[in-house]
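Beneath this line is the structure, given in structure tokens, with notes to follow.
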Amino acid sequence: MKIIVPMAGRGSRLRPHSLTVPKPLIPVAGQPIVHRLVKDIAKVLKQPIEEIAFVLGDPAWFGDDVVESLTELAQDLGAKASIYRQDQPLGTGHAIMSAKPSLSGPAVIAYADTLIRAEFDLDPNADSVIWTKRVDNPEAYGVVKLDDNENIVELVEKPESFVSDQAVIGIYYFKDVAVLKEKLQEVLDENVMNGGEYQINDGIKRMMADGRIFKTGTVDEWMDCGNKAVTLETNAKMLGFLKADGEEQLVDDSVVLENSKIIEPCCVGKGTILRNTTIGPYVSIGKDCVIEDSSVKNSLIQNQTSIKNANLEEAMIGNHVKYNGDFTKISIGDYSVLE
């Protein structure tokens, strides 16, 4: 089994946090989004992963440190890491075809700005499985249309009238991804574009027209990381799941508590010091931070950051930040928000 992960975009909706760190590498509940996604997919598949192919953008943005991080992720799962570059932002289909040498055999394609919780077996009779989540407002999503045999027969983007309540979440399984490669090559050769981009859906629709069998795989939880509000919501959900699972140590043994309290669930990284501070619930703090005389709830703080005299709730703070709640003199760059 292979996993193909297109992650070339910068993530403008998560600025300013995605100005210096690619969005898929922003940590949620103590691990980068893409790390959690790939590990969760591997857990659902219940079979060995031989290769993980990552499609990155500009090397100036997705540099050597990103390549090293992703290579380690693949190796931790016993897989080969393949790194590809999408030279132009020309859509999902174009991104997948940037990994053309890896497009053979059974594979999962997953976009790295979402997290899932799921438990199901892949249908052996399906040529492809499109993972979906039941939603209350299907008109806001791309959804699948099913026939009487529960086969997917059409993909409908933001339907004006009811088609189904199963929204496409951006994770796909192909029994042989080479078939998708063939159809996407046709899309590229014929210059079939939607919204100025080459889309995976145009390749999938051609597979359906050939009679390929598409089934749904419904996830229990679909958690977006598209902007600050939903990323904090996802962080909170993941902390709750991880606490209930009990499989992951969330507070590192090296964390120093000086007259401080942690209200679970929280994730606190190596070397962080809490003084006269209460954190939680639903707080993730990276490594080597110092938080003093503060209260922090439902927030996400990255690495090597110092916070003093703060009362924070629904806060998202990046790396190497110095924040004093008693500030009177400030220097704030582009895209920053203080509310």
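Naming scheme: A, B, ... for chains in displayed order of the structure tokens; residues 1 onward per chain; ligands 1 onward as shown.
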Residue neighbourhood region 219-235 of chain A, 6 Å, only C-alpha atoms, exclusion window fewer than 6 positions, as an mmCIF file with N, CA and C atoms, in the first residue's frame:
```cif
data_model
loop_
_atom_site.group_PDB
_atom_site.id
_atom_site.type_symbol
_atom_site.label_atom_id
_atom_site.label_comp_id
_atom_site.auth_asym_id
_atom_site.auth_seq_id
_atom_site.Cartn_x
_atom_site.Cartn_y
_atom_site.Cartn_z
ATOM 1 N N ARG A 13 -5.396 30.848 4.619
ATOM 2 C CA ARG A 13 -6.471 31.054 5.605
ATOM 3 C C ARG A 13 -5.963 30.912 7.040
ATOM 4 N N LEU A 14 -4.746 30.383 7.212
ATOM 5 C CA LEU A 14 -4.213 30.202 8.558
ATOM 6 C C LEU A 14 -3.096 31.200 8.859
ATOM 7 N N VAL A 28 -0.844 20.113 15.911
ATOM 8 C CA VAL A 28 -2.145 19.986 16.568
ATOM 9 C C VAL A 28 -2.016 18.857 17.585
ATOM 10 N N ALA A 29 -2.349 19.154 18.841
ATOM 11 C CA ALA A 29 -2.215 18.170 19.917
ATOM 12 C C ALA A 29 -0.814 17.570 19.946
ATOM 13 N N ASP A 113 -4.705 18.846 5.057
ATOM 14 C CA ASP A 113 -5.240 19.922 5.891
ATOM 15 C C ASP A 113 -6.465 19.451 6.668
ATOM 16 N N THR A 114 -6.542 18.148 6.891
ATOM 17 C CA THR A 114 -7.695 17.596 7.591
ATOM 18 C C THR A 114 -7.243 16.427 8.454
ATOM 19 N N LEU A 115 -7.970 16.142 9.496
ATOM 20 C CA LEU A 115 -7.691 14.988 10.351
ATOM 21 C C LEU A 115 -8.961 14.156 10.480
ATOM 22 N N ILE A 116 -8.788 12.874 10.749
ATOM 23 C CA ILE A 116 -9.935 11.976 10.796
ATOM 24 C C ILE A 116 -9.845 11.061 12.005
ATOM 25 N N ARG A 117 -10.987 10.495 12.370
ATOM 26 C CA ARG A 117 -11.082 9.333 13.255
ATOM 27 C C ARG A 117 -12.027 8.378 12.548
ATOM 28 N N ALA A 118 -11.555 7.177 12.285
ATOM 29 C CA ALA A 118 -12.370 6.230 11.520
ATOM 30 C C ALA A 118 -11.983 4.807 11.871
ATOM 31 N N LYS A 133 -18.093 12.053 5.135
ATOM 32 C CA LYS A 133 -18.640 12.314 6.470
ATOM 33 C C LYS A 133 -20.050 12.844 6.299
#
```
* Exercise: Val143 (chain A) partners within 10 Å, only C-alpha atoms, chain neighbours under 3 positions left out, as a list in words ->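 Once the adjacent positions are removed, what remains is Thr132, Lys133, Arg134, Val135, Pro138, Glu139, Ala140, Leu146, Ile152, Glu154, Leu155, Val156, Glu157, Lys158, Pro159, Phe162, Val163, Ser164, Asp165, Gln166, Ala167, Val168 and Ile169 of chain A.
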* Write out as a list in words all residues of region 237-282 of chain A that backbone DSSP assigns to strand (DSSP E). =>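 Strand (DSSP E) members of region 237-282 of chain A, listed: Val256, Leu257, Glu258, Lys261, Ile262, Cys266, Cys267, Val268, Ile273, Leu274, Arg275, Thr278 and Ile279 of chain A.
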Next, the residues of the selection above should be written as an mmCIF file, in the first residue's frame with all heavy atoms.
```cif
data_model
loop_
_atom_site.group_PDB
_atom_site.id
_atom_site.type_symbol
_atom_site.label_atom_id
_atom_site.label_comp_id
_atom_site.auth_asym_id
_atom_site.auth_seq_id
_atom_site.Cartn_x
_atom_site.Cartn_y
_atom_site.Cartn_z
ATOM 1 N N VAL A 256 8.220 21.223 33.839
ATOM 2 C CA VAL A 256 8.398 21.725 35.201
ATOM 3 C C VAL A 256 7.151 22.494 35.620
ATOM 4 O O VAL A 256 6.717 23.426 34.931
ATOM 5 C CB VAL A 256 9.634 22.647 35.289
ATOM 6 C CG1 VAL A 256 9.750 23.243 36.688
ATOM 7 C CG2 VAL A 256 10.896 21.871 34.925
ATOM 8 N N LEU A 257 6.568 22.085 36.753
ATOM 9 C CA LEU A 257 5.405 22.780 37.315
ATOM 10 C C LEU A 257 5.825 23.477 38.604
ATOM 11 O O LEU A 257 6.204 22.814 39.575
ATOM 12 C CB LEU A 257 4.275 21.802 37.612
ATOM 13 C CG LEU A 257 3.628 21.072 36.434
ATOM 14 C CD1 LEU A 257 2.574 20.102 36.934
ATOM 15 C CD2 LEU A 257 3.012 22.054 35.460
ATOM 16 N N GLU A 258 5.775 24.800 38.631
ATOM 17 C CA GLU A 258 6.069 25.581 39.824
ATOM 18 C C GLU A 258 4.799 26.325 40.232
ATOM 19 O O GLU A 258 4.413 27.298 39.577
ATOM 20 C CB GLU A 258 7.215 26.563 39.562
ATOM 21 C CG GLU A 258 8.532 25.883 39.187
ATOM 22 C CD GLU A 258 9.649 26.889 38.925
ATOM 23 O OE1 GLU A 258 9.423 28.102 39.151
ATOM 24 O OE2 GLU A 258 10.737 26.460 38.493
ATOM 25 N N LYS A 261 -0.911 24.348 37.636
ATOM 26 C CA LYS A 261 -1.876 23.255 37.514
ATOM 27 C C LYS A 261 -2.213 23.015 36.052
ATOM 28 O O LYS A 261 -2.354 23.962 35.267
ATOM 29 C CB LYS A 261 -3.139 23.590 38.301
ATOM 30 C CG LYS A 261 -4.228 22.508 38.244
ATOM 31 C CD LYS A 261 -5.340 22.769 39.232
ATOM 32 C CE LYS A 261 -6.120 24.030 38.923
ATOM 33 N NZ LYS A 261 -7.320 24.189 39.772
ATOM 34 N N ILE A 262 -2.347 21.737 35.698
ATOM 35 C CA ILE A 262 -2.773 21.349 34.356
ATOM 36 C C ILE A 262 -4.148 20.695 34.461
ATOM 37 O O ILE A 262 -4.314 19.684 35.155
ATOM 38 C CB ILE A 262 -1.780 20.366 33.710
ATOM 39 C CG1 ILE A 262 -0.409 21.024 33.538
ATOM 40 C CG2 ILE A 262 -2.309 19.867 32.372
ATOM 41 C CD1 ILE A 262 0.660 20.083 33.020
ATOM 42 N N CYS A 266 -4.568 18.102 28.119
ATOM 43 C CA CYS A 266 -3.613 19.069 27.591
ATOM 44 C C CYS A 266 -2.401 18.308 27.052
ATOM 45 O O CYS A 266 -2.132 17.181 27.462
ATOM 46 C CB CYS A 266 -3.141 20.043 28.665
ATOM 47 S SG CYS A 266 -4.369 21.255 29.180
ATOM 48 N N CYS A 267 -1.679 18.952 26.169
ATOM 49 C CA CYS A 267 -0.429 18.410 25.648
ATOM 50 C C CYS A 267 0.659 19.446 25.911
ATOM 51 O O CYS A 267 0.515 20.612 25.513
ATOM 52 C CB CYS A 267 -0.564 18.126 24.159
ATOM 53 S SG CYS A 267 0.922 17.468 23.399
ATOM 54 N N VAL A 268 1.734 19.038 26.590
ATOM 55 C CA VAL A 268 2.816 19.967 26.935
ATOM 56 C C VAL A 268 4.140 19.316 26.540
ATOM 57 O O VAL A 268 4.448 18.195 26.954
ATOM 58 C CB VAL A 268 2.822 20.312 28.435
ATOM 59 C CG1 VAL A 268 3.846 21.425 28.704
ATOM 60 C CG2 VAL A 268 1.433 20.751 28.893
ATOM 61 N N ILE A 273 8.266 25.089 30.953
ATOM 62 C CA ILE A 273 8.176 25.468 32.363
ATOM 63 C C ILE A 273 6.894 26.265 32.584
ATOM 64 O O ILE A 273 6.606 27.217 31.847
ATOM 65 C CB ILE A 273 9.394 26.316 32.782
ATOM 66 C CG1 ILE A 273 10.689 25.510 32.593
ATOM 67 C CG2 ILE A 273 9.252 26.786 34.219
ATOM 68 C CD1 ILE A 273 11.954 26.350 32.796
ATOM 69 N N LEU A 274 6.121 25.865 33.578
ATOM 70 C CA LEU A 274 4.917 26.596 33.975
ATOM 71 C C LEU A 274 5.122 27.128 35.383
ATOM 72 O O LEU A 274 5.379 26.356 36.315
ATOM 73 C CB LEU A 274 3.691 25.683 33.929
ATOM 74 C CG LEU A 274 3.402 24.961 32.608
ATOM 75 C CD1 LEU A 274 2.184 24.053 32.761
ATOM 76 C CD2 LEU A 274 3.194 25.944 31.476
ATOM 77 N N ARG A 275 5.001 28.454 35.562
ATOM 78 C CA ARG A 275 5.154 29.082 36.870
ATOM 79 C C ARG A 275 3.895 29.873 37.197
ATOM 80 O O ARG A 275 3.458 30.729 36.427
ATOM 81 C CB ARG A 275 6.354 30.043 36.878
ATOM 82 C CG ARG A 275 7.717 29.393 36.701
ATOM 83 C CD ARG A 275 8.838 30.363 37.021
ATOM 84 N NE ARG A 275 10.149 29.764 36.802
ATOM 85 C CZ ARG A 275 10.936 30.020 35.764
ATOM 86 N NH1 ARG A 275 10.529 30.902 34.849
ATOM 87 N NH2 ARG A 275 12.101 29.435 35.644
ATOM 88 N N THR A 278 -2.116 28.298 35.369
ATOM 89 C CA THR A 278 -3.078 27.223 35.148
ATOM 90 C C THR A 278 -3.333 27.102 33.658
ATOM 91 O O THR A 278 -3.645 28.103 32.999
ATOM 92 C CB THR A 278 -4.397 27.498 35.878
ATOM 93 O OG1 THR A 278 -4.153 27.561 37.286
ATOM 94 C CG2 THR A 278 -5.411 26.396 35.600
ATOM 95 N N ILE A 279 -3.184 25.902 33.128
ATOM 96 C CA ILE A 279 -3.511 25.679 31.720
ATOM 97 C C ILE A 279 -4.579 24.601 31.632
ATOM 98 O O ILE A 279 -4.661 23.702 32.452
ATOM 99 C CB ILE A 279 -2.282 25.286 30.891
ATOM 100 C CG1 ILE A 279 -1.767 23.895 31.278
ATOM 101 C CG2 ILE A 279 -1.183 26.317 31.000
ATOM 102 C CD1 ILE A 279 -0.808 23.302 30.263
#
```
Report the closest atom pair, with its distance in Å rounded to one decimal, for each residue of region 175-242 of chain A that has an atom no farther than 10 Å from region 85-102 of chain A; count only C-alpha atoms, sort by chain and then rising residue number, and write it as CSV.
```
residue,atom,partner,partner_atom,distance
A:Val177,CA,A:Ser102,CA,9.0
A:Ala178,CA,A:Lys100,CA,8.9
A:Leu180,CA,A:Met97,CA,9.5
A:Lys181,CA,A:Met97,CA,6.8
A:Glu182,CA,A:Met97,CA,9.7
A:Lys183,CA,A:Gly93,CA,9.9
A:Leu184,CA,A:Gly93,CA,6.5
A:Gln185,CA,A:Met97,CA,7.7
A:Val187,CA,A:Gly93,CA,8.5
A:Leu188,CA,A:His94,CA,7.8
A:Met193,CA,A:Gly91,CA,8.9
A:Asn194,CA,A:Gly91,CA,9.0
A:Gly195,CA,A:Gly91,CA,9.0
A:Gly196,CA,A:Leu90,CA,7.4
A:Glu197,CA,A:Gly91,CA,4.6
A:Tyr198,CA,A:Gly91,CA,5.0
A:Gln199,CA,A:Gly93,CA,4.4
A:Ile200,CA,A:Gly93,CA,4.2
A:Asn201,CA,A:Gly93,CA,7.8
A:Asp202,CA,A:Gly93,CA,8.1
A:Gly203,CA,A:Gly93,CA,7.6
A:Ile204,CA,A:Gly93,CA,9.9
```
For the residues in that selection, give me N, CA and C atoms as a compact mmCIF listing (two decimals), in the first residue's frame.
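Writing the result to result-v7.txt gives the following:
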```
# COMPACT_ATOMS: atom_id res chain seq x y z
N VAL A 177 -3.95 2.72 -8.42
CA VAL A 177 -3.94 4.16 -8.67
C VAL A 177 -3.43 4.48 -10.07
N ALA A 178 -2.84 3.49 -10.77
CA ALA A 178 -2.40 3.71 -12.15
C ALA A 178 -3.58 4.02 -13.06
N LEU A 180 -6.23 5.83 -12.18
CA LEU A 180 -6.44 7.27 -12.02
C LEU A 180 -5.36 8.05 -12.77
N LYS A 181 -4.13 7.60 -12.70
CA LYS A 181 -3.04 8.27 -13.42
C LYS A 181 -3.34 8.37 -14.91
N GLU A 182 -3.82 7.27 -15.48
CA GLU A 182 -4.17 7.27 -16.91
C GLU A 182 -5.23 8.31 -17.23
N LYS A 183 -6.26 8.37 -16.38
CA LYS A 183 -7.36 9.31 -16.64
C LYS A 183 -6.92 10.76 -16.41
N LEU A 184 -6.10 10.98 -15.40
CA LEU A 184 -5.62 12.35 -15.17
C LEU A 184 -4.67 12.79 -16.28
N GLN A 185 -3.92 11.85 -16.86
CA GLN A 185 -3.08 12.20 -18.00
C GLN A 185 -3.94 12.67 -19.17
N VAL A 187 -6.81 14.13 -18.85
CA VAL A 187 -7.28 15.46 -18.45
C VAL A 187 -6.21 16.51 -18.77
N LEU A 188 -4.96 16.20 -18.45
CA LEU A 188 -3.88 17.14 -18.73
C LEU A 188 -3.67 17.31 -20.23
N MET A 193 -9.86 21.94 -17.62
CA MET A 193 -9.64 22.68 -16.38
C MET A 193 -10.97 23.15 -15.81
N ASN A 194 -11.05 23.19 -14.49
CA ASN A 194 -12.19 23.78 -13.78
C ASN A 194 -11.64 24.79 -12.79
N GLY A 195 -12.13 26.03 -12.91
CA GLY A 195 -11.61 27.09 -12.06
C GLY A 195 -10.14 27.37 -12.32
N GLY A 196 -9.70 27.13 -13.56
CA GLY A 196 -8.31 27.39 -13.91
C GLY A 196 -7.34 26.34 -13.40
N GLU A 197 -7.86 25.16 -12.95
CA GLU A 197 -7.01 24.13 -12.37
C GLU A 197 -7.43 22.75 -12.90
N TYR A 198 -6.48 21.82 -12.83
CA TYR A 198 -6.77 20.42 -13.14
C TYR A 198 -7.21 19.72 -11.86
N GLN A 199 -8.39 19.12 -11.88
CA GLN A 199 -8.99 18.59 -10.67
C GLN A 199 -9.00 17.06 -10.66
N ILE A 200 -8.81 16.47 -9.47
CA ILE A 200 -8.90 15.01 -9.33
C ILE A 200 -10.27 14.50 -9.75
N ASN A 201 -11.32 15.30 -9.51
CA ASN A 201 -12.67 14.85 -9.84
C ASN A 201 -12.85 14.52 -11.32
N ASP A 202 -12.13 15.24 -12.18
CA ASP A 202 -12.27 14.98 -13.61
C ASP A 202 -11.68 13.62 -13.98
N GLY A 203 -10.63 13.21 -13.28
CA GLY A 203 -10.11 11.87 -13.48
C GLY A 203 -11.05 10.82 -12.92
N ILE A 204 -11.62 11.09 -11.75
CA ILE A 204 -12.55 10.14 -11.12
C ILE A 204 -13.79 9.96 -11.98
```
* Asked: Taking into account only C-alpha atoms, which residue in the set A:Ala315, A:Val5, A:Ile26, A:Ala74 is nearest to Gly286 (chain A)?
  -> A:Ile26
* Enumerate as a PyMOL selection string all residues of region 89-156 of chain A assigned to helix (DSSP H, G or I) by DSSP on the backbone, naming them with the chain letters and numbers the document uses. => chain A and resi 92-97+100-102+138-140
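Each of A:Asp326, A:Asp252, A:Asp76, A:Asp65 was checked against Pro48 (chain A) using only C-alpha atoms; the smallest atom-to-atom distance is that of A:Asp76.
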